[in-house]
$ cat upload_28.txt   # compact mmCIF, C-alpha atoms (C1' of nucleotides)
# COMPACT_ATOMS: atom_id res chain seq x y z
CA MET S 137 0.00 0.00 0.00
CA ASN S 138 1.41 3.38 -1.04
CA THR S 139 1.03 5.22 2.29
CA TYR S 140 2.99 8.28 3.40
CA ALA S 141 3.30 9.92 6.82
CA VAL S 142 3.40 13.68 6.31
CA ILE S 143 4.85 15.45 9.34
CA ASP S 144 5.28 19.02 10.52
CA PHE S 145 7.02 20.38 13.62
CA GLU S 146 6.61 23.69 15.40
CA THR S 147 9.73 24.33 17.46
CA THR S 148 11.45 26.86 19.73
CA GLY S 149 14.12 27.60 17.11
CA LEU S 150 15.85 26.48 13.96
CA SER S 151 18.39 23.98 15.19
CA PRO S 152 18.25 21.13 17.72
CA GLY S 153 22.04 21.39 17.76
CA HIS S 154 21.66 24.76 19.45
CA GLY S 155 19.08 23.72 22.00
CA ALA S 156 15.84 24.15 20.04
CA ARG S 157 13.09 21.68 20.96
CA PRO S 158 9.69 20.90 19.41
CA THR S 159 6.51 22.47 20.79
CA GLU S 160 4.00 20.74 18.49
CA ILE S 161 3.88 17.95 15.93
CA ALA S 162 1.31 16.70 13.46
CA VAL S 163 1.45 13.46 11.46
CA VAL S 164 -0.99 13.03 8.56
CA LEU S 165 -1.32 9.66 6.85
CA VAL S 166 -1.90 9.86 3.09
CA ARG S 167 -3.04 6.74 1.25
CA ARG S 168 -3.65 6.66 -2.49
CA ASP S 169 -5.32 9.99 -3.22
CA ARG S 170 -6.50 11.19 0.17
CA ILE S 171 -5.77 11.93 3.82
CA VAL S 172 -6.95 8.97 5.88
CA LYS S 173 -5.85 9.72 9.45
CA SER S 174 -4.05 12.35 11.49
CA TYR S 175 -2.31 12.83 14.83
CA GLN S 176 -1.52 16.16 16.47
CA SER S 177 -0.22 17.21 19.87
CA LEU S 178 1.35 20.13 21.63
CA MET S 179 4.30 19.18 23.83
CA ASN S 180 6.22 20.77 26.67
CA PRO S 181 9.68 21.52 25.25
CA GLY S 182 11.22 22.16 28.66
CA VAL S 183 12.82 25.35 27.32
CA HIS S 184 11.55 28.90 26.84
CA ILE S 185 9.79 29.75 23.56
CA PRO S 186 11.27 33.03 22.26
CA HIS S 187 8.83 35.89 21.87
CA GLU S 188 9.22 36.14 18.09
CA ILE S 189 8.43 32.44 17.67
CA GLN S 190 5.37 32.75 19.91
CA SER S 191 4.22 35.52 17.56
CA LEU S 192 4.96 33.40 14.49
CA THR S 193 3.21 30.21 15.59
CA GLY S 194 0.75 31.46 18.18
CA ILE S 195 2.07 28.76 20.53
CA THR S 196 2.86 30.34 23.90
CA ASN S 197 4.77 29.17 26.94
CA GLN S 198 1.46 29.04 28.79
CA MET S 199 -0.05 26.73 26.16
CA VAL S 200 2.71 24.13 26.44
CA ARG S 201 3.15 24.31 30.23
CA LYS S 202 0.58 21.57 30.88
CA ALA S 203 1.18 19.64 27.64
CA PRO S 204 2.75 16.16 27.72
CA ASP S 205 6.54 16.06 27.59
CA VAL S 206 8.42 15.70 24.31
CA ALA S 207 9.39 12.06 24.90
CA THR S 208 5.77 11.00 25.38
CA VAL S 209 4.55 12.83 22.29
CA MET S 210 7.44 11.73 20.07
CA SER S 211 6.92 8.13 21.06
CA ALA S 212 3.24 8.38 20.09
CA ALA S 213 4.07 10.21 16.84
CA ALA S 214 6.65 7.60 15.84
CA GLU S 215 4.17 4.80 16.54
CA PHE S 216 1.53 6.61 14.49
CA ALA S 217 3.89 7.14 11.53
CA GLY S 218 5.03 3.51 11.64
CA ASP S 219 7.41 2.50 8.87
CA HIS S 220 5.72 4.60 6.17
CA PRO S 221 7.95 6.96 4.18
CA LEU S 222 8.02 10.37 5.86
CA VAL S 223 7.20 13.56 3.97
CA ALA S 224 7.85 17.15 5.05
CA ASP S 225 8.08 20.57 3.49
CA ASN S 226 11.78 21.46 3.58
CA ALA S 227 12.46 18.01 5.01
CA SER S 228 16.01 18.86 6.05
CA PHE S 229 14.47 20.95 8.86
CA ASP S 230 11.94 18.39 10.14
CA ARG S 231 14.40 15.50 9.69
CA LYS S 232 16.85 17.19 12.07
CA PHE S 233 14.23 17.42 14.82
CA TRP S 234 12.69 13.99 14.12
CA ASP S 235 16.08 12.25 14.32
CA ALA S 236 17.29 14.27 17.31
CA GLU S 237 14.15 13.63 19.36
CA LEU S 238 14.00 9.94 18.43
CA GLN S 239 17.61 9.60 19.53
CA ARG S 240 16.64 11.04 22.93
CA ILE S 241 14.09 8.24 23.39
CA ARG S 242 16.51 5.63 22.02
CA ARG S 243 14.65 5.07 18.79
CA ARG S 244 15.90 5.27 15.22
CA ARG S 245 14.34 6.24 11.95
CA HIS S 246 14.37 3.50 9.31
CA GLN S 247 12.38 5.08 6.51
CA ALA S 248 13.25 7.71 3.90
CA PHE S 249 12.27 11.39 3.97
CA VAL S 250 10.53 12.87 0.92
CA CYS S 251 10.82 16.67 0.58
CA SER S 252 7.87 18.50 -0.98
CA LEU S 253 9.94 21.70 -1.28
CA LEU S 254 12.59 20.04 -3.47
CA LEU S 255 9.92 18.33 -5.58
CA SER S 256 8.01 21.61 -6.00
CA ARG S 257 11.14 23.37 -7.21
CA ARG S 258 11.64 20.60 -9.80
CA LEU S 259 8.03 20.51 -11.00
CA PHE S 260 7.04 24.18 -10.72
CA PRO S 261 10.20 26.24 -11.30
CA GLN S 262 8.08 29.07 -12.71
CA PHE S 263 6.55 30.03 -9.35
CA PRO S 264 7.83 33.25 -7.74
CA ASN S 265 8.94 31.35 -4.65
CA HIS S 266 8.34 27.94 -3.09
CA LYS S 267 7.09 28.84 0.36
CA LEU S 268 4.34 26.45 1.46
CA GLN S 269 1.67 29.16 1.52
CA THR S 270 2.65 30.38 -1.95
CA LEU S 271 2.31 26.84 -3.30
CA VAL S 272 -1.07 26.44 -1.61
CA ARG S 273 -2.31 29.63 -3.31
CA SER S 274 -0.65 29.04 -6.69
CA LEU S 275 -1.93 25.46 -6.95
CA ARG S 276 -5.30 26.31 -5.40
CA LEU S 277 -4.92 23.68 -2.71
CA PRO S 278 -7.51 23.46 0.09
CA ASP S 279 -7.29 26.01 2.91
CA THR S 280 -6.25 23.99 5.98
CA GLY S 281 -6.40 26.81 8.53
CA ARG S 282 -3.85 28.89 10.38
CA ASN S 283 -0.40 28.42 8.89
CA HIS S 284 2.56 27.86 11.21
CA ARG S 285 0.49 25.40 13.21
CA ALA S 286 1.52 21.78 12.86
CA LEU S 287 -1.75 20.19 11.73
CA ALA S 288 -2.63 22.94 9.24
CA ASP S 289 0.86 22.85 7.71
CA ALA S 290 1.01 19.03 7.65
CA GLU S 291 -2.38 18.88 5.92
CA ALA S 292 -1.29 21.55 3.44
CA THR S 293 1.86 19.54 2.74
CA ALA S 294 -0.25 16.41 2.30
CA HIS S 295 -2.41 18.16 -0.31
CA LEU S 296 0.76 19.41 -1.98
CA LEU S 297 2.17 15.86 -2.08
CA LEU S 298 -1.02 14.61 -3.76
CA ARG S 299 -0.84 17.47 -6.26
CA LEU S 300 2.82 16.72 -7.04
CA GLN S 301 1.97 13.06 -7.65
CA GLN S 302 -0.94 14.04 -9.93
CA GLU S 303 1.35 16.36 -11.86
CA LEU S 304 3.94 13.61 -12.39
CA VAL S 305 1.25 11.16 -13.56
CA ARG S 306 -0.19 13.75 -15.96
CA ARG S 307 3.08 15.13 -17.30
CA PHE S 308 4.84 11.81 -17.84
CA ARG S 309 1.79 9.60 -18.46
CA LEU S 310 2.66 7.33 -15.55
CA PRO S 311 0.20 4.74 -14.18
CA SER S 312 1.23 5.75 -10.64
CA VAL S 313 4.02 7.36 -8.65
CA ASP S 314 5.87 5.54 -5.91
CA CYS S 315 8.24 6.69 -3.18
CA ARG S 316 11.30 5.51 -5.10
CA LEU S 317 10.48 7.82 -8.02
CA LEU S 318 9.84 10.79 -5.69
CA LEU S 319 13.21 10.26 -4.00
CA SER S 320 14.92 9.88 -7.35
CA ILE S 321 13.45 13.16 -8.65
CA GLN S 322 14.22 15.15 -5.52
CA ARG S 323 17.85 14.02 -5.68
CA ALA S 324 18.19 14.83 -9.38
CA CYS S 325 19.87 17.99 -10.62
CA ARG S 326 17.91 20.57 -12.57
CA GLY S 327 17.06 19.25 -16.04
CA GLN S 328 17.49 15.59 -15.06
CA MET S 329 13.88 14.95 -14.04
CA GLU S 330 12.95 13.46 -17.42
CA ALA S 331 15.91 11.06 -17.22
CA CYS S 332 14.74 9.96 -13.76
CA VAL S 333 11.28 9.15 -15.09
CA ARG S 334 12.72 7.29 -18.11
CA ASN S 335 14.92 5.18 -15.84
CA HIS S 336 11.99 4.56 -13.55
CA LYS S 337 9.77 3.42 -16.43
CA GLY S 338 12.57 1.15 -17.65
CA SER S 339 13.03 -0.47 -14.25
CA ARG S 340 9.30 -1.28 -14.02
CA LYS S 341 9.26 -3.26 -17.26
C1' DT X 3 33.18 39.28 23.63
C1' DG X 4 30.57 38.11 20.02
C1' DC X 5 28.76 34.90 17.47
C1' DC X 6 25.70 31.12 16.80
C1' DA X 7 21.40 26.22 11.45
C1' DG X 8 22.01 23.80 7.60
C1' DG X 9 20.80 21.62 3.21
C1' DC X 10 19.85 22.89 -1.37
C1' DC X 11 20.49 25.62 -5.44
C1' DC X 12 22.15 29.20 -8.60
C1' DT X 13 25.84 31.67 -10.82
C1' DC X 14 29.00 37.31 -12.21
C1' DT X 15 31.03 29.29 -9.77
C1' DT X 16 33.83 25.13 -9.06
C1' DT X 17 40.26 27.42 -4.71
C1' DA X 18 32.96 30.88 -3.38
C1' DG X 19 29.31 33.44 -1.99
C1' DG X 20 24.74 34.30 -1.21
C1' DG X 21 19.58 33.47 -1.50
C1' DC X 22 15.83 30.32 -0.32
C1' DC X 23 13.22 27.72 3.08
C1' DT X 24 11.93 25.65 7.57
C1' DT X 25 10.87 27.72 13.23

$ encode --input "upload_28.txt" --output "structure tokens"
Amino acid sequence: MNTYAVIDFETTGLSPGHGARPTEIAVVLVRRDRIVKSYQSLMNPGVHIPHEIQSLTGITNQMVRKAPDVATVMSAAAEFAGDHPLVADNASFDRKFWDAELQRIRRRRHQAFVCSLLLSRRLFPQFPNHKLQTLVRSLRLPDTGRNHRALADAEATAHLLLRLQQELVRRFRLPSVDCRLLLSIQRACRGQMEACVRNHKGSRK
DNA sequence: TGCCAGGCCCTCTTTAGGGCCTT
């Protein structure tokens, strides 16, 4: 079954290597052409949320004070995601936090990370920029609510993933798109996307 | 004291620099 676990973190900063911790996570399961299940939770990061990030996300120190701790939430999120390929917008960011927090609870990631930002740059280079909200507007994806909240952004990324898959099917007349092809395209240099698809078609014969 | 992310991508590049994108 072609199922993906789309994730999004809200955090106290940009780098777990400099003490940033997650404040919220959402995991959205996408199967075939739709969202089938979702998980979302605030968590107590155990560190102060800077004022500018509270303004950005709307998540305050007061909101997370009584939330479950990060270990509890990450354990539940990892169970929910299972072994499905993970998807995130600008996956290098979410991957850092996912791996760092799993390491804290002595777990390891075994699945690949698909990046909707890299795929969007390959498939829609004509857009003025590739911010998630710009892609939502440009592609007329469903409005999922307040951006910079985990569930809204994870759902937006899930709709973007479905749109990217539809675009690949349409543009290259593919019967379907699997995780291996997505990873191959996101790793390819500019101009090599067609070669990726040709190789992929050849390997399926 | 002062600074502090990091991966990807482009180009006036490749012995580098800077913008984009995530919070």

$ residues_near_point --input "upload_28.txt" --point "(24.9, 23.5, 9.7)" --cutoff "10 Å" --atoms "only C-alpha atoms (C1' of nucleotides)" --output "PDB file with C-alpha atoms (C1' of nucleotides), in the coordinates of the input"
ATOM      1  CA  SER S 151      18.390  23.980  15.190  1.00  0.00           C
ATOM      2  CA  GLY S 153      22.040  21.390  17.760  1.00  0.00           C
TER       3      GLY S 153
ATOM      4  C1'  DA X   7      21.400  26.220  11.450  1.00  0.00           C
ATOM      5  C1'  DG X   8      22.010  23.800   7.600  1.00  0.00           C
ATOM      6  C1'  DG X   9      20.800  21.620   3.210  1.00  0.00           C
TER       7       DG X   9
END

$ closest_atom_pairs --input "upload_28.txt" --of "chain X" --to "chain S" --cutoff "12 Å" --atoms "all atoms listed in the file" --output "JSON lines"
{"residue": "X:DC6", "atom": "C1'", "partner": "S:His154", "partner_atom": "CA", "distance": 8.0}
{"residue": "X:DA7", "atom": "C1'", "partner": "S:Ser151", "partner_atom": "CA", "distance": 5.3}
{"residue": "X:DG8", "atom": "C1'", "partner": "S:Ser228", "partner_atom": "CA", "distance": 7.9}
{"residue": "X:DG9", "atom": "C1'", "partner": "S:Ser228", "partner_atom": "CA", "distance": 6.2}
{"residue": "X:DC10", "atom": "C1'", "partner": "S:Leu254", "partner_atom": "CA", "distance": 8.1}
{"residue": "X:DC11", "atom": "C1'", "partner": "S:Arg326", "partner_atom": "CA", "distance": 9.1}
{"residue": "X:DC12", "atom": "C1'", "partner": "S:Arg326", "partner_atom": "CA", "distance": 10.4}
{"residue": "X:DG21", "atom": "C1'", "partner": "S:Asn265", "partner_atom": "CA", "distance": 11.3}
{"residue": "X:DC22", "atom": "C1'", "partner": "S:Asn265", "partner_atom": "CA", "distance": 8.2}
{"residue": "X:DC23", "atom": "C1'", "partner": "S:Asn226", "partner_atom": "CA", "distance": 6.4}
{"residue": "X:DT24", "atom": "C1'", "partner": "S:Phe229", "partner_atom": "CA", "distance": 5.5}
{"residue": "X:DT25", "atom": "C1'", "partner": "S:Gly149", "partner_atom": "CA", "distance": 5.1}

$ write_last_selection --input "upload_28.txt" --atoms "C-alpha atoms (C1' of nucleotides)" --output "PDB file, in the frame of the given file"
ATOM      1  C1'  DC X   6      25.700  31.120  16.800  1.00  0.00           C
ATOM      2  C1'  DA X   7      21.400  26.220  11.450  1.00  0.00           C
ATOM      3  C1'  DG X   8      22.010  23.800   7.600  1.00  0.00           C
ATOM      4  C1'  DG X   9      20.800  21.620   3.210  1.00  0.00           C
ATOM      5  C1'  DC X  10      19.850  22.890  -1.370  1.00  0.00           C
ATOM      6  C1'  DC X  11      20.490  25.620  -5.440  1.00  0.00           C
ATOM      7  C1'  DC X  12      22.150  29.200  -8.600  1.00  0.00           C
ATOM      8  C1'  DG X  21      19.580  33.470  -1.500  1.00  0.00           C
ATOM      9  C1'  DC X  22      15.830  30.320  -0.320  1.00  0.00           C
ATOM     10  C1'  DC X  23      13.220  27.720   3.080  1.00  0.00           C
ATOM     11  C1'  DT X  24      11.930  25.650   7.570  1.00  0.00           C
ATOM     12  C1'  DT X  25      10.870  27.720  13.230  1.00  0.00           C
TER      13       DT X  25
END

$ closest_residue --input "upload_28.txt" --among "S:Ile143, S:Ala217, S:Ala286, S:Leu296" --to "Leu271 of chain S" --atoms "only C-alpha atoms"
S:Leu296

$ atom_distance --input "upload_28.txt" --atom1 "atom CA of Pro278 of chain S" --atom2 "atom CA of Val333 of chain S"
28.1 Å

$ closest_residue --input "upload_28.txt" --among "S:Arg273, S:Ala288, S:Gly338, S:Cys251" --to "Leu300 of chain S" --atoms "all atoms listed in the file"
S:Cys251
